[in-house]
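All remarks here apply to the structure that follows.
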Amino acid sequence: MERALWNIGKGVLTLFVVLGFIFLVAPLIVVIPLSFNAEPYFTFTEGMLRLDSEAYSLRWYRNIFESEEWLRAIQNSFFIGIFATIIATILGTLAALGLNDPRLPFRKLVGALIISPIVTPIIVVAVGVYFFYTDIGLGQTYLGIILAHAMIGAPYVVITVSATLANFDYTLLRAAASLGANPWTAFRRVQLPIISRGVITGALFAFINSFDEVVIVLFMAGLKQRTIPREMWSGIREEISPTILAVATLLILFVILVLITVELLKSIGEKHKLSAN
Amino acid sequence: MAAKQGIKSRIRPISLALPLVAFIAITFLMPLGNMLKESVYDAEVADALPNTMRLLNDWNGVELPTEEVFRTIAEEIVVLQENRTIGKIGIRVNRVVSGTRSVWGKTARRVKDVETDNMITTMVEIDDRWSELDLWQGIKTAGQRYSAKNYLHAIDLTRADDGSIVSVDEQRRVYNTLYVRTLYVATVVTLLCLVIGYPIAYAIAHTPPTLSKILLLCVLVPFWTSLLARATSWIVLLQSQGVINDFLVWLRIIPDEGRLSLIYNMTGTLIAMTQNLLPFVVLPTYAVLSSIPPTYMRAAASLGANPVQAFVRVYWPQSLPGVASGCLLVFILSIGFFITPAIVGGTDGQLISNMIAYHIDTNNWGLAAAISVIVLVSVLILYVVFDRWVGVDKLKLN
């Protein structure tokens with residue numbers, strides 16, 4: 001009797017977990033088939049449910065690639081994202097190297113300062129950045145948005161690089177020095193290959209972060225600098241069309257691609273460790 | 001000797017960390033400092049009427065200002081009329097003494113070519129409000145470069161004519177309701193994330209590695225997917241002609257004319273925000289749960305604890321650091337959430353951050369800055385409390 005009760009309890013819990021996962025993932029899954037809707041509706045047509053091939057079409061995808069606004073937005077997103085990522089990755093990697101050295105004074109304070117951009121509510125960051133950058137003439141410029149995105153991307157690089165540095169064996173650097181390598185060679189040939197996984201992961205996170213960021217862009221971007229999420233924002237609030245669903249689908253697939261890359265990098269890194277041992 | 005070496009050995013880490021520290025100081029701290037200034041500093045009236053303001057500083061406030069003051073302000077009004085900035089000054093002073101906006105344009109038009117020995121009489125003839133002390137007091141107040149007026153406004157207070165601080169009229173109160181609503185939403189979303197997220201984290205931590213990896217991906221993909229893509233999905237699911245309503249109608253659970261309003265209101269905000277923020281509870285909780293040795297639970301069982309007792313007395317306490325940091329993150333992020341409520345919240349699902357964006361749009365920068373500072377300070381207080389309680393360094397991303 002008691003055993004049966006426990007089993008029922010377990011069953012209810014499992015069901016609850018399954019529902020939780022559905023809640024997380026369903027919104028992403030639902031848009032994918034709907035983005036192929038032949039009709040301009042946001043819901044499944046009868047034809048779609050019958051799996052009638054005529055009910056599906058690529059017209060909303062064609063819309064994206066025929067629209068000047070969307071093409072410019074895609075270009076802007078990559079342009080801003082790539083430059084912001086380069087700045088964030090270089091500064092973030094260097095800072096992580098410094099931060100993980102116990103000789104750095106005020107380590108806790110420096111660490112808190114470096115992380116602060118991503119733990120401050122984004123709306124507050126955006127307001128501050130908007131006023132300040134407008135005052136110094138960077139409002140409605142690519143440079144202003146790139147700097148702001150580099151600032152909120154760098155902490156991710158610091159975090160991921162620090163994670164790989166935590167396991168770094170500093171005697172390797174001394175070994176390199178005793179074999180005649182100068183500090184730069186030792187860094188390039190010994191330390192960088194080992195932390196490269198953290199650097200690449202951090203760079204990817206910084207890039208996605210810039211790619212998805214919309215609040216800063218909303219205040220800062222003029223018509224010329226509009227990015228993909230900024231176009232989506234107007235699309236949703238002004239004239240909502242299934243083109244948005246097609247864009248959303250592409251974004252979801254893009255994230256999956258990036259995450260799989262990160263996962264592969266991780267497993268390569270683990271193999272590295274195994275073979276090193 | 002040792003000290004010298006100590007300094008030398010510090011140069012390397014300092015020079016590595018310095019570029020990012022400097023970069024963040026310039027691109028992040030300076031904007032925040034500037035925002036703080038913006039919230040208390042307003043030089044528009046002071047810069048437009050510099051000579052008048054200097055004279056008014058010596059004015060006793062009990063009797064009408066002297067002929068000299070009248071002459072000075074008349075000259076400055078003429079200049080403002082030529083620059084076409086008189087209207088702006090009228091708006092600013094009107095925010096202090098309402099009903100005085102028309103005084104400025106009227107005076108500017110007529111005072112221009114006047115030759116007079118008695119400017120007081122001339123101006124009072126143009127508009128008799130120049131003889132009222134309230135207007136002069138209002139000009140003096142509006143001309144202060146530094147003031148707390150934005151903060152008063154941001155918490156539904158105002159200065160009465162006699163200078164005392166009072167609540168604004170009931171119909172004009174907006175902000176306090178929004179702070180309370182924001183805290184309410186943050187609390188409910190945090191609780192929902194905890195209740196839904198904990199079992200999810202448990203499932204990921206205690207399934208075989210392959211399944212666990214897939215399940216983890218199910219959390220990470222939504223985590224990194226654009227908020228706008230997710231908001232779009234919720235519109236598709238929740239709107240009255242949306243997937244969920246269609247499904248329920250098809251199942252005959254609800255009649256076609258009784259479709260549920262799940263979006264563009266508070267319900268929409270709560271549902272979408274919970275989904276948006278769920279990974280922030282799941283990820284740190286999972287990190288902690290996967291480090292709890294399974295032997296502990298077996299030990300508890302062998303000592304006679306039933307599963308519920310073992311969970312409550314052994315498992316739950318060990319998971320607390322992860323749960324606490326996850327919940328804190330969700331709570332703090334909810335307070336500043338903007339995109340999702342703006343899209344799915346309708347009017348009653350709007351939060352304080354939406355009000356900040358509104359004031360940016362309408363060019364009321366001082367007020368937007370003041371509300372932002374209030375939000376920022378509340379978040380900082382939460383971090384300090386949390387640091388005392390659990391330790392901020394427990395915050396983890398992945």
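Residue names in the structure tokens use chain letters A, B, ... in the order shown, residue numbers from 1 in each chain, and ligand numbers from 1 in the order shown.
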
(request) May I have the residues of chain A within 7 Å of chain B, counting only C-alpha atoms, written as number ranges by chain? (result) A: 17, 20, 23-25, 27-28, 31, 42-43, 91-92, 94-95, 97-99, 101, 103-104, 114, 117, 121-124, 128-129, 131-132, 148, 151, 212, 229, 232-233, 248, 251-252, 255-256

Write the residues of the selection above to a file with N, CA and C atoms, as a tab-separated table (two decimals), in the first residue's frame.
```
chain	number	residue	atom	x	y	z
A	17	VAL	N	7.76	17.31	-13.89
A	17	VAL	CA	9.02	17.65	-14.55
A	17	VAL	C	8.83	17.73	-16.06
A	20	GLY	N	7.19	20.82	-16.94
A	20	GLY	CA	8.15	21.91	-16.80
A	20	GLY	C	8.99	22.06	-18.05
A	23	PHE	N	6.97	23.48	-20.85
A	23	PHE	CA	6.79	24.92	-20.63
A	23	PHE	C	8.01	25.69	-21.14
A	24	LEU	N	9.20	25.12	-20.90
A	24	LEU	CA	10.44	25.78	-21.32
A	24	LEU	C	10.60	25.78	-22.84
A	25	VAL	N	10.31	24.63	-23.43
A	25	VAL	CA	10.71	24.41	-24.82
A	25	VAL	C	9.57	24.66	-25.81
A	27	PRO	N	7.37	26.97	-26.42
A	27	PRO	CA	7.29	28.22	-27.18
A	27	PRO	C	8.27	28.25	-28.34
A	28	LEU	N	9.44	27.62	-28.15
A	28	LEU	CA	10.43	27.64	-29.23
A	28	LEU	C	10.00	26.70	-30.35
A	31	VAL	N	6.91	27.87	-32.86
A	31	VAL	CA	7.09	28.84	-33.95
A	31	VAL	C	7.69	28.21	-35.19
A	42	PHE	N	-1.17	33.34	-37.46
A	42	PHE	CA	-0.25	32.94	-36.40
A	42	PHE	C	-0.67	31.63	-35.76
A	43	THR	N	-1.52	30.87	-36.44
A	43	THR	CA	-1.99	29.65	-35.82
A	43	THR	C	-2.03	28.55	-36.88
A	91	LEU	N	40.02	42.16	-24.29
A	91	LEU	CA	40.08	42.77	-22.95
A	91	LEU	C	39.71	41.74	-21.88
A	92	GLY	N	38.70	40.91	-22.16
A	92	GLY	CA	38.23	39.93	-21.17
A	92	GLY	C	39.28	38.86	-20.89
A	94	LEU	N	42.62	39.08	-21.28
A	94	LEU	CA	43.71	39.68	-20.52
A	94	LEU	C	43.31	39.86	-19.06
A	95	ALA	N	42.10	40.40	-18.84
A	95	ALA	CA	41.66	40.65	-17.48
A	95	ALA	C	41.55	39.36	-16.69
A	97	LEU	N	43.33	36.70	-17.08
A	97	LEU	CA	44.70	36.30	-16.72
A	97	LEU	C	45.18	37.08	-15.50
A	98	GLY	N	44.91	38.38	-15.48
A	98	GLY	CA	45.31	39.20	-14.34
A	98	GLY	C	44.55	38.84	-13.09
A	99	LEU	N	43.25	38.62	-13.26
A	99	LEU	CA	42.36	38.37	-12.13
A	99	LEU	C	42.68	37.05	-11.43
A	101	ASP	N	45.58	35.83	-11.04
A	101	ASP	CA	46.89	35.88	-10.40
A	101	ASP	C	46.70	36.37	-8.97
A	103	ARG	N	48.53	37.64	-7.00
A	103	ARG	CA	49.29	38.84	-6.63
A	103	ARG	C	48.55	40.12	-6.98
A	104	LEU	N	47.44	40.03	-7.70
A	104	LEU	CA	46.68	41.23	-8.09
A	104	LEU	C	46.07	41.88	-6.84
A	114	ILE	N	34.30	44.15	-12.67
A	114	ILE	CA	34.28	43.60	-14.02
A	114	ILE	C	32.97	42.88	-14.32
A	117	PRO	N	28.62	45.02	-15.09
A	117	PRO	CA	27.71	45.34	-16.20
A	117	PRO	C	26.62	44.30	-16.45
A	121	PRO	N	20.54	45.83	-13.86
A	121	PRO	CA	19.40	45.72	-14.76
A	121	PRO	C	19.69	46.41	-16.08
A	122	ILE	N	19.41	45.73	-17.16
A	122	ILE	CA	19.79	46.23	-18.48
A	122	ILE	C	19.14	47.57	-18.79
A	123	ILE	N	17.95	47.80	-18.27
A	123	ILE	CA	17.29	49.08	-18.55
A	123	ILE	C	18.09	50.23	-17.95
A	124	VAL	N	18.67	49.99	-16.76
A	124	VAL	CA	19.48	51.03	-16.11
A	124	VAL	C	20.76	51.27	-16.92
A	128	GLY	N	21.79	54.90	-18.74
A	128	GLY	CA	23.08	55.54	-18.49
A	128	GLY	C	23.87	55.72	-19.77
A	129	VAL	N	23.96	54.64	-20.53
A	129	VAL	CA	24.73	54.65	-21.76
A	129	VAL	C	24.14	55.65	-22.76
A	131	PHE	N	22.30	58.47	-22.23
A	131	PHE	CA	22.60	59.87	-21.87
A	131	PHE	C	24.05	60.19	-22.17
A	132	PHE	N	24.94	59.34	-21.65
A	132	PHE	CA	26.37	59.65	-21.70
A	132	PHE	C	26.87	59.66	-23.13
A	148	ALA	N	29.18	49.74	-26.18
A	148	ALA	CA	28.24	49.30	-25.15
A	148	ALA	C	28.12	47.78	-25.15
A	151	MET	N	31.11	46.16	-23.64
A	151	MET	CA	31.09	46.31	-22.19
A	151	MET	C	30.22	45.23	-21.53
A	212	ASP	N	21.57	39.39	-29.48
A	212	ASP	CA	20.20	39.40	-28.93
A	212	ASP	C	19.84	40.71	-28.24
A	229	PRO	N	17.10	42.15	-33.66
A	229	PRO	CA	16.08	42.27	-32.60
A	229	PRO	C	15.35	43.61	-32.64
A	232	MET	N	12.70	43.27	-35.10
A	232	MET	CA	11.64	42.42	-34.54
A	232	MET	C	10.75	43.22	-33.60
A	233	TRP	N	11.39	44.06	-32.81
A	233	TRP	CA	10.65	44.90	-31.85
A	233	TRP	C	9.61	45.74	-32.58
A	248	ALA	N	12.42	34.49	-36.04
A	248	ALA	CA	12.58	33.82	-34.74
A	248	ALA	C	13.13	32.42	-34.94
A	251	LEU	N	16.75	32.51	-35.64
A	251	LEU	CA	17.51	32.82	-34.43
A	251	LEU	C	17.65	31.59	-33.54
A	252	ILE	N	16.54	30.83	-33.41
A	252	ILE	CA	16.58	29.64	-32.56
A	252	ILE	C	17.59	28.63	-33.13
A	255	VAL	N	21.12	29.72	-32.39
A	255	VAL	CA	21.54	29.46	-31.01
A	255	VAL	C	21.88	27.98	-30.83
A	256	ILE	N	21.04	27.10	-31.39
A	256	ILE	CA	21.31	25.67	-31.26
A	256	ILE	C	22.68	25.35	-31.87
```

Just the alpha helix (DSSP H) stuff from region 28-229 of chain B, please, per backbone DSSP, written as a compact mmCIF listing (two decimals) with C-alpha atoms, in the first residue's frame.
```
# COMPACT_ATOMS: atom_id res chain seq x y z
CA MET B 30 30.97 57.06 -16.11
CA PRO B 31 27.54 56.68 -17.74
CA LEU B 32 26.10 55.64 -14.37
CA GLY B 33 27.73 58.64 -12.69
CA ASN B 34 26.41 60.89 -15.43
CA MET B 35 22.94 59.40 -14.92
CA LEU B 36 23.14 60.18 -11.21
CA LYS B 37 24.00 63.79 -12.05
CA GLU B 38 21.24 63.98 -14.64
CA SER B 39 18.72 62.98 -11.97
CA VAL B 40 19.52 65.97 -9.73
CA GLU B 44 18.00 74.88 -18.47
CA VAL B 45 16.33 77.74 -16.59
CA ALA B 46 19.53 78.74 -14.80
CA ASP B 47 21.38 79.05 -18.10
CA ALA B 48 18.53 80.89 -19.80
CA PRO B 50 21.59 83.83 -15.55
CA ASN B 51 21.40 87.50 -14.49
CA THR B 52 17.88 87.21 -13.12
CA MET B 53 18.87 84.18 -11.11
CA ARG B 54 21.84 86.00 -9.61
CA LEU B 55 19.59 88.86 -8.50
CA LEU B 56 16.87 86.53 -7.23
CA ASN B 57 19.39 84.82 -4.96
CA GLU B 67 12.85 97.41 -10.60
CA GLU B 68 16.35 96.09 -11.42
CA VAL B 69 15.12 92.50 -11.35
CA PHE B 70 12.19 93.34 -13.60
CA ARG B 71 14.48 95.06 -16.08
CA THR B 72 16.91 92.18 -16.12
CA ILE B 73 14.30 89.51 -16.69
CA ALA B 74 12.70 91.63 -19.41
CA GLU B 75 16.04 91.84 -21.24
CA GLU B 76 16.59 88.12 -20.90
CA ILE B 77 13.09 87.33 -22.08
CA VAL B 78 13.74 89.37 -25.23
CA VAL B 79 16.88 87.33 -25.91
CA LEU B 80 15.01 84.06 -25.31
CA GLN B 81 12.30 85.19 -27.72
CA GLU B 82 14.95 85.80 -30.38
CA ASN B 83 16.46 82.35 -29.75
CA ILE B 86 11.12 81.02 -24.44
CA GLY B 87 8.55 78.21 -24.75
CA LYS B 88 10.88 75.71 -23.07
CA ILE B 89 11.42 78.00 -20.11
CA GLY B 90 7.66 78.48 -19.84
CA ILE B 91 7.25 74.68 -19.63
CA ARG B 92 9.91 74.36 -16.93
CA VAL B 93 8.53 77.10 -14.73
CA ASN B 94 5.02 75.83 -15.33
CA ARG B 95 6.07 72.47 -13.82
CA VAL B 96 6.72 74.39 -10.60
CA ARG B 101 2.85 79.01 -19.14
CA SER B 102 1.12 81.75 -21.12
CA VAL B 103 2.80 84.53 -19.13
CA TRP B 104 6.07 84.04 -20.98
CA GLY B 105 4.93 84.20 -24.57
CA LYS B 106 2.64 87.12 -23.87
CA THR B 107 5.34 89.11 -22.09
CA ALA B 108 7.96 88.27 -24.70
CA ARG B 109 5.81 89.58 -27.53
CA ARG B 110 4.98 92.88 -25.85
CA VAL B 111 8.02 93.80 -23.80
CA MET B 119 9.36 98.24 -15.83
CA ILE B 120 7.39 96.90 -12.85
CA THR B 121 4.23 98.70 -13.88
CA THR B 122 4.74 97.87 -17.54
CA MET B 123 5.11 94.16 -16.95
CA VAL B 124 2.27 93.96 -14.47
CA GLU B 125 0.11 95.70 -17.05
CA ILE B 126 1.09 93.11 -19.65
CA LEU B 133 5.13 86.31 -5.40
CA ASP B 134 4.30 82.69 -6.38
CA LEU B 135 5.55 83.20 -9.92
CA TRP B 136 8.82 84.72 -8.74
CA GLN B 137 9.24 81.96 -6.18
CA GLY B 138 8.60 79.47 -9.00
CA ILE B 139 11.23 81.03 -11.24
CA LYS B 140 13.70 80.91 -8.38
CA THR B 141 12.92 77.21 -7.74
CA ALA B 142 13.06 76.24 -11.42
CA LYS B 149 12.43 67.37 -7.70
CA ASN B 150 12.88 64.33 -9.96
CA TYR B 151 13.14 62.05 -6.95
CA LEU B 152 10.06 63.59 -5.37
CA HIS B 153 8.20 63.13 -8.64
CA ALA B 154 9.45 59.54 -8.89
CA TYR B 175 4.93 55.41 -9.59
CA ASN B 176 4.31 53.91 -6.18
CA THR B 177 1.72 51.55 -7.67
CA LEU B 178 4.31 50.50 -10.24
CA TYR B 179 7.02 49.83 -7.64
CA VAL B 180 4.60 47.67 -5.68
CA ARG B 181 3.47 45.87 -8.83
CA THR B 182 7.08 45.29 -9.90
CA LEU B 183 7.93 43.79 -6.51
CA TYR B 184 4.78 41.66 -6.66
CA VAL B 185 5.66 40.35 -10.13
CA ALA B 186 9.27 39.72 -9.08
CA THR B 187 8.09 37.73 -6.05
CA VAL B 188 5.54 35.65 -7.94
CA VAL B 189 7.93 34.96 -10.84
CA THR B 190 10.69 33.95 -8.39
CA LEU B 191 8.38 31.52 -6.58
CA LEU B 192 7.11 30.04 -9.86
CA CYS B 193 10.67 29.63 -11.12
CA LEU B 194 11.63 27.88 -7.89
CA VAL B 195 8.66 25.50 -7.93
CA ILE B 196 9.04 24.62 -11.61
CA GLY B 197 12.81 24.89 -11.80
CA TYR B 198 13.89 22.80 -8.82
CA PRO B 199 12.41 19.52 -10.10
CA ILE B 200 13.88 20.25 -13.53
CA ALA B 201 17.34 20.77 -12.04
CA TYR B 202 16.87 17.57 -10.02
CA ALA B 203 15.95 15.62 -13.15
CA ILE B 204 19.00 16.88 -15.05
CA ALA B 205 21.31 16.10 -12.13
CA PRO B 209 24.73 11.38 -18.79
CA THR B 210 23.35 11.21 -22.35
CA LEU B 211 19.78 12.13 -21.36
CA SER B 212 21.13 14.68 -18.93
CA LYS B 213 23.05 16.42 -21.73
CA ILE B 214 19.92 16.63 -23.89
CA LEU B 215 17.85 17.92 -20.99
CA LEU B 216 20.50 20.52 -20.22
CA LEU B 217 20.36 21.66 -23.83
CA CYS B 218 16.58 22.09 -23.41
CA VAL B 219 17.39 24.66 -20.73
CA LEU B 220 20.32 26.30 -22.48
CA VAL B 221 18.63 26.86 -25.84
CA PRO B 222 15.77 28.96 -24.41
CA PHE B 223 18.30 30.65 -22.11
CA TRP B 224 20.30 31.96 -25.07
CA LEU B 227 13.94 37.49 -25.74
CA LEU B 228 12.06 38.85 -28.74
CA ALA B 229 11.88 35.44 -30.39
```

(message) Nearest residue to Glu231 (chain A) out of A:Ile260, A:Ala112, A:Ala126, A:Ile64, using only C-alpha atoms?
(response)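 Checking each of A:Ile260, A:Ala112, A:Ala126, A:Ile64 against Glu231 (chain A), counting only C-alpha atoms, the winner is A:Ile64.
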